[in-house]
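Participant: Dumping the structure here so I can ask a few things about it.
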Amino acid sequence: MTTVQAIRTFLFYLLLSLSAFIWGTLSLFFAPFMPFRARYRFIVWRWCRFAVWLTKVMVGIRYEVKGLENVPERPCVILAKHQSTWETFYLSGAFEPLSQVVKRELLRVPFFGWAMALMKPIAIDRSNPKAALKQLAAQGDERLKQGAWVLIFPEGTRVPAGQMGKFSRGGAALAVNAGLPVLPVAHNAGSFWPKEGWAKYPGTIQVVIGPVMYAEGEGPRAIAELNDRAFAWVEATQREIEGPQSAAAVDQPA
């Protein structure tokens with residue numbers, strides 16, 4: 001990373017942090033009195049779109065999206081590749097209202113986390129996987145019935161560019177039990193916003209939204225088949241985006 005890019009990256013983080021503080025503080029005063037959809041647009045939609053714009057202006061990370069025609073009219077379960085923080089910003093600003101699975105600890109972050117708690121996230125305790133799955137099933141189904149998209153990163157954590165983590169079946173199970181499809185999303189954000197370190201590299205992120213996928217039947221076998229199909233599509237698309245050397249499988253928690 002060049003000296004100029006390092007300075008731009010430092011300023012980016014400074015402005016992003018300042019905006020989160022201001023937005024989060026304002027949200028604590030005004031958002032509790034808004035209906036959920038308006039609250040989402042005020043807290044999440046506007047700030048996340050600002051964050052994506054700031055990323056482009058300050059560190060030169062742009063993006064292109066393919067497959068928008070695949071997005072269904074009715075909200076469903078989004079299964080997205082997870083490489084960086086960028087895709088969280090982008091997807092939260094592209095789908096509304098949206099509820100996502102997050103680490104419970106994030107809600108304790110001053111201002112930003114407190115504001116996020118107003119958005120009905122599915123805040124799980126990763127140290128208790130069984131309880132987390134039950135929580136995802138119950139709260140995820142509730143959010144879908146309320147007309148919200150549910151965003152799940154089935155790898156469970158950020159996986160470096162060029163690698164694939166194992167997909168947890170929680171998202172597929174949620175979709176099957178709700179009678180809804182999953183919407184797979186692939187991208188290469190990690191090539192410009194790496195998992196490790198604070199460096200940012202200019203370039204254009206490729207985002208590909210796949211076709212909606214329905215389960216063929218019900219029960220555990222249908223869940224496993226749908227999950228495998230979503231994984232296969234994401235893995236193949238990652239290879240197209242990142243090159244044939246990418247998408248080497250790595251072990252991640254189920």
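Labeling convention for the structure tokens: chains A, B, ... as they appear, residues from 1 per chain, ligands from 1 in order of appearance.
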Do you know which residues are at most 12 Å from Ser92 (chain A) counting only C-alpha atoms, after dropping those on the same chain fewer than 5 positions away, and could you put them as a CSV table (one decimal) with C-alpha atoms, in the first residue's frame?
Facilitator:
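Full text of part-v9.csv as output:
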```
chain,number,residue,atom,x,y,z
A,40,TYR,CA,-34.4,0.8,9.3
A,41,ARG,CA,-34.1,3.4,6.6
A,43,ILE,CA,-30.4,3.9,11.0
A,44,VAL,CA,-29.1,1.3,8.6
A,45,TRP,CA,-30.1,2.0,5.0
A,46,ARG,CA,-28.8,5.5,4.9
A,47,TRP,CA,-25.7,5.0,6.9
A,48,CYS,CA,-24.6,1.8,5.1
A,49,ARG,CA,-25.1,3.4,1.7
A,50,PHE,CA,-23.0,6.3,3.0
A,51,ALA,CA,-20.3,3.9,4.1
A,52,VAL,CA,-20.2,2.3,0.6
A,78,ILE,CA,-29.9,-14.4,1.7
A,80,ALA,CA,-23.8,-14.5,1.2
A,85,THR,CA,-17.0,-5.7,6.2
A,86,TRP,CA,-17.8,-4.2,2.9
A,87,GLU,CA,-20.5,-6.7,1.9
A,97,PRO,CA,-35.8,-3.9,5.8
A,98,LEU,CA,-33.1,-6.5,6.6
A,99,SER,CA,-32.3,-8.5,9.7
A,100,GLN,CA,-29.0,-10.1,10.0
A,101,VAL,CA,-27.3,-12.7,12.2
A,116,MET,CA,-28.1,-1.6,15.9
A,119,MET,CA,-33.1,-3.0,14.3
A,121,PRO,CA,-30.9,-8.3,14.6
A,148,ALA,CA,-37.9,-8.5,6.4
A,149,TRP,CA,-35.0,-10.1,4.5
A,150,VAL,CA,-32.8,-12.3,6.7
A,151,LEU,CA,-29.1,-12.0,5.9
A,152,ILE,CA,-26.9,-15.0,6.9
```
Participant: Leaving out Ala232 (chain A) and any residue of its chain fewer than 2 positions from it, which residues lie within 12 Å of it when counting only C-alpha atoms, given as a PyMOL selection string?
Facilitator: chain A and resi 81+164-167+184-186+210+213+225-230+234-239+247+249
Participant: I'd like the neighbourhood of Gly140 (chain A) as number ranges by chain, where a residue qualifies if any of its atoms comes within 9 Å (using only C-alpha atoms), though same-chain residues fewer than 2 positions away should be ignored.
Facilitator: A: 77, 99-101, 122, 135-138, 142-145, 150, 171, 174
Participant: Looking only at the backbone, which of the residues in region 65-232 of chain A does DSSP tag as strand (DSSP E), as a ChimeraX atom specification?
Facilitator: /A:65-66,77-80,98-103,122-124,149-152,163-165,182-187,203-209
Participant: Can you write out the residues you just picked, keeping C-alpha atoms, as a compact mmCIF listing (two decimals), in the first residue's frame?
Facilitator:
```txt
# COMPACT_ATOMS: atom_id res chain seq x y z
CA VAL A 65 -23.43 -5.92 -9.55
CA LYS A 66 -24.76 -8.71 -11.76
CA VAL A 77 -33.08 -15.81 3.20
CA ILE A 78 -29.87 -14.35 1.74
CA LEU A 79 -26.84 -16.65 1.89
CA ALA A 80 -23.79 -14.48 1.19
CA LEU A 98 -33.12 -6.53 6.58
CA SER A 99 -32.34 -8.47 9.73
CA GLN A 100 -28.97 -10.13 9.97
CA VAL A 101 -27.30 -12.66 12.19
CA VAL A 102 -24.64 -10.89 14.25
CA LYS A 103 -22.39 -11.65 17.18
CA ILE A 122 -30.59 -11.93 15.42
CA ALA A 123 -27.81 -11.55 17.98
CA ILE A 124 -26.40 -14.98 18.75
CA TRP A 149 -35.01 -10.13 4.53
CA VAL A 150 -32.76 -12.30 6.67
CA LEU A 151 -29.05 -12.05 5.88
CA ILE A 152 -26.88 -14.98 6.87
CA GLN A 163 -10.86 -19.66 0.15
CA MET A 164 -14.26 -21.16 0.96
CA GLY A 165 -15.52 -22.00 4.41
CA VAL A 182 -32.54 -18.86 -0.46
CA LEU A 183 -30.81 -16.16 -2.50
CA PRO A 184 -27.06 -16.85 -2.87
CA VAL A 185 -24.59 -13.97 -3.24
CA ALA A 186 -20.92 -14.19 -4.30
CA HIS A 187 -18.31 -11.41 -4.42
CA GLY A 203 -10.31 -1.59 -7.44
CA THR A 204 -13.76 -2.80 -8.45
CA ILE A 205 -15.60 -5.41 -6.42
CA GLN A 206 -17.63 -7.90 -8.44
CA VAL A 207 -20.95 -8.81 -6.80
CA VAL A 208 -23.02 -11.62 -8.32
CA ILE A 209 -26.56 -12.35 -7.12
```
Participant: Run DSSP on the backbone and give me the residues of region 36-247 of chain A it puts in alpha helix (DSSP H), as a PyMOL selection string.
Facilitator: chain A and resi 36-40+46-59+86-94+112-116+129-145+170-178+219-242
Participant: Keeping only C-alpha atoms, take the residues you just selected and write them out as a PDB file, in the first residue's frame.
Facilitator:
```pdb
ATOM      1  CA  PHE A  36     -39.693  -0.448  11.984  1.00  0.00           C
ATOM      2  CA  ARG A  37     -39.331   0.150   8.219  1.00  0.00           C
ATOM      3  CA  ALA A  38     -38.745   3.891   8.666  1.00  0.00           C
ATOM      4  CA  ARG A  39     -36.377   3.137  11.525  1.00  0.00           C
ATOM      5  CA  TYR A  40     -34.419   0.780   9.277  1.00  0.00           C
ATOM      6  CA  ARG A  46     -28.820   5.543   4.852  1.00  0.00           C
ATOM      7  CA  TRP A  47     -25.651   4.989   6.881  1.00  0.00           C
ATOM      8  CA  CYS A  48     -24.630   1.797   5.069  1.00  0.00           C
ATOM      9  CA  ARG A  49     -25.107   3.450   1.680  1.00  0.00           C
ATOM     10  CA  PHE A  50     -23.027   6.349   2.977  1.00  0.00           C
ATOM     11  CA  ALA A  51     -20.328   3.888   4.089  1.00  0.00           C
ATOM     12  CA  VAL A  52     -20.221   2.291   0.616  1.00  0.00           C
ATOM     13  CA  TRP A  53     -19.989   5.761  -0.955  1.00  0.00           C
ATOM     14  CA  LEU A  54     -17.239   6.793   1.477  1.00  0.00           C
ATOM     15  CA  THR A  55     -15.312   3.621   0.630  1.00  0.00           C
ATOM     16  CA  LYS A  56     -15.417   4.574  -3.048  1.00  0.00           C
ATOM     17  CA  VAL A  57     -14.453   8.213  -2.531  1.00  0.00           C
ATOM     18  CA  MET A  58     -11.741   7.778   0.091  1.00  0.00           C
ATOM     19  CA  VAL A  59     -10.021   4.499  -0.804  1.00  0.00           C
ATOM     20  CA  TRP A  86     -17.825  -4.172   2.850  1.00  0.00           C
ATOM     21  CA  GLU A  87     -20.488  -6.745   1.934  1.00  0.00           C
ATOM     22  CA  THR A  88     -22.279  -6.086   5.210  1.00  0.00           C
ATOM     23  CA  PHE A  89     -22.527  -2.411   4.291  1.00  0.00           C
ATOM     24  CA  TYR A  90     -23.576  -3.130   0.716  1.00  0.00           C
ATOM     25  CA  LEU A  91     -26.205  -5.797   1.424  1.00  0.00           C
ATOM     26  CA  SER A  92     -27.707  -3.809   4.316  1.00  0.00           C
ATOM     27  CA  GLY A  93     -28.119  -0.863   1.954  1.00  0.00           C
ATOM     28  CA  ALA A  94     -29.409  -2.932  -0.966  1.00  0.00           C
ATOM     29  CA  PHE A 112     -23.323   2.025  16.869  1.00  0.00           C
ATOM     30  CA  GLY A 113     -24.124  -1.222  18.657  1.00  0.00           C
ATOM     31  CA  TRP A 114     -26.857   0.417  20.706  1.00  0.00           C
ATOM     32  CA  ALA A 115     -28.446   1.765  17.536  1.00  0.00           C
ATOM     33  CA  MET A 116     -28.115  -1.646  15.862  1.00  0.00           C
ATOM     34  CA  PRO A 129     -24.039 -23.281  18.871  1.00  0.00           C
ATOM     35  CA  LYS A 130     -27.141 -25.273  19.790  1.00  0.00           C
ATOM     36  CA  ALA A 131     -28.824 -22.297  21.414  1.00  0.00           C
ATOM     37  CA  ALA A 132     -27.762 -20.112  18.476  1.00  0.00           C
ATOM     38  CA  LEU A 133     -29.448 -22.446  15.981  1.00  0.00           C
ATOM     39  CA  LYS A 134     -32.679 -22.459  17.985  1.00  0.00           C
ATOM     40  CA  GLN A 135     -32.571 -18.670  18.193  1.00  0.00           C
ATOM     41  CA  LEU A 136     -31.961 -18.370  14.455  1.00  0.00           C
ATOM     42  CA  ALA A 137     -34.877 -20.679  13.704  1.00  0.00           C
ATOM     43  CA  ALA A 138     -37.312 -18.832  15.973  1.00  0.00           C
ATOM     44  CA  GLN A 139     -36.302 -15.219  15.405  1.00  0.00           C
ATOM     45  CA  GLY A 140     -35.464 -15.721  11.740  1.00  0.00           C
ATOM     46  CA  ASP A 141     -38.924 -17.126  11.048  1.00  0.00           C
ATOM     47  CA  GLU A 142     -40.458 -14.205  12.939  1.00  0.00           C
ATOM     48  CA  ARG A 143     -38.495 -11.648  10.891  1.00  0.00           C
ATOM     49  CA  LEU A 144     -39.489 -13.296   7.608  1.00  0.00           C
ATOM     50  CA  LYS A 145     -43.162 -13.230   8.607  1.00  0.00           C
ATOM     51  CA  GLY A 170     -28.943 -22.888   9.629  1.00  0.00           C
ATOM     52  CA  GLY A 171     -29.882 -20.573   6.753  1.00  0.00           C
ATOM     53  CA  ALA A 172     -31.117 -23.399   4.541  1.00  0.00           C
ATOM     54  CA  ALA A 173     -33.121 -24.836   7.444  1.00  0.00           C
ATOM     55  CA  LEU A 174     -34.712 -21.460   8.094  1.00  0.00           C
ATOM     56  CA  ALA A 175     -35.745 -21.137   4.441  1.00  0.00           C
ATOM     57  CA  VAL A 176     -37.115 -24.676   4.198  1.00  0.00           C
ATOM     58  CA  ASN A 177     -39.135 -24.386   7.402  1.00  0.00           C
ATOM     59  CA  ALA A 178     -40.559 -21.037   6.250  1.00  0.00           C
ATOM     60  CA  GLY A 219     -36.984 -32.312   6.316  1.00  0.00           C
ATOM     61  CA  PRO A 220     -33.244 -32.730   7.022  1.00  0.00           C
ATOM     62  CA  ARG A 221     -32.431 -34.271   3.631  1.00  0.00           C
ATOM     63  CA  ALA A 222     -34.023 -31.370   1.741  1.00  0.00           C
ATOM     64  CA  ILE A 223     -32.192 -28.879   3.969  1.00  0.00           C
ATOM     65  CA  ALA A 224     -28.843 -30.546   3.351  1.00  0.00           C
ATOM     66  CA  GLU A 225     -29.443 -30.703  -0.413  1.00  0.00           C
ATOM     67  CA  LEU A 226     -30.431 -27.037  -0.616  1.00  0.00           C
ATOM     68  CA  ASN A 227     -27.426 -26.012   1.462  1.00  0.00           C
ATOM     69  CA  ASP A 228     -25.087 -28.055  -0.754  1.00  0.00           C
ATOM     70  CA  ARG A 229     -26.611 -26.539  -3.884  1.00  0.00           C
ATOM     71  CA  ALA A 230     -26.142 -22.997  -2.566  1.00  0.00           C
ATOM     72  CA  PHE A 231     -22.563 -23.779  -1.570  1.00  0.00           C
ATOM     73  CA  ALA A 232     -21.803 -25.253  -4.998  1.00  0.00           C
ATOM     74  CA  TRP A 233     -23.147 -22.164  -6.775  1.00  0.00           C
ATOM     75  CA  VAL A 234     -21.198 -19.760  -4.570  1.00  0.00           C
ATOM     76  CA  GLU A 235     -18.011 -21.815  -4.894  1.00  0.00           C
ATOM     77  CA  ALA A 236     -18.286 -21.981  -8.694  1.00  0.00           C
ATOM     78  CA  THR A 237     -19.067 -18.273  -8.951  1.00  0.00           C
ATOM     79  CA  GLN A 238     -16.141 -17.405  -6.690  1.00  0.00           C
ATOM     80  CA  ARG A 239     -13.869 -19.292  -9.090  1.00  0.00           C
ATOM     81  CA  GLU A 240     -15.209 -17.222 -11.985  1.00  0.00           C
ATOM     82  CA  ILE A 241     -14.683 -13.971 -10.088  1.00  0.00           C
ATOM     83  CA  GLU A 242     -11.334 -14.698  -8.468  1.00  0.00           C
TER      84      GLU A 242
END
```
Participant: Nearest to Arg62 (chain A): which of A:Leu16, A:Leu118, A:Ala189, A:Ala199 is it, counting only C-alpha atoms?
Facilitator: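 The closest residue to Arg62 (chain A) is A:Ala189.
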Participant: Give the answer as one residue: which of A:Pro160, A:Gly60, A:Gly147, A:Gly67 has the shortest atom-to-atom distance to Glu96 (chain A), using only C-alpha atoms?
Facilitator: A:Gly147
Participant: Which of these residues is nearest to Pro202 (chain A), using only C-alpha atoms: A:Gly190, A:Pro35, A:Gly217, A:Pro181?
Facilitator: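 Among the listed residues, the smallest separation from Pro202 (chain A) belongs to A:Gly190.
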Participant: Do you have the CA of Pro72 (chain A)-CA of Tyr214 (chain A) distance handy?
Facilitator: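 Distance reported for this atom pair: 12.2 Å.
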Participant: Can you measure CA of Ala161 (chain A) to CA of Trp198 (chain A) for me? One decimal in Å is fine.
Facilitator: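 Result for CA of Ala161 (chain A) versus CA of Trp198 (chain A): 15.1 Å, one decimal.
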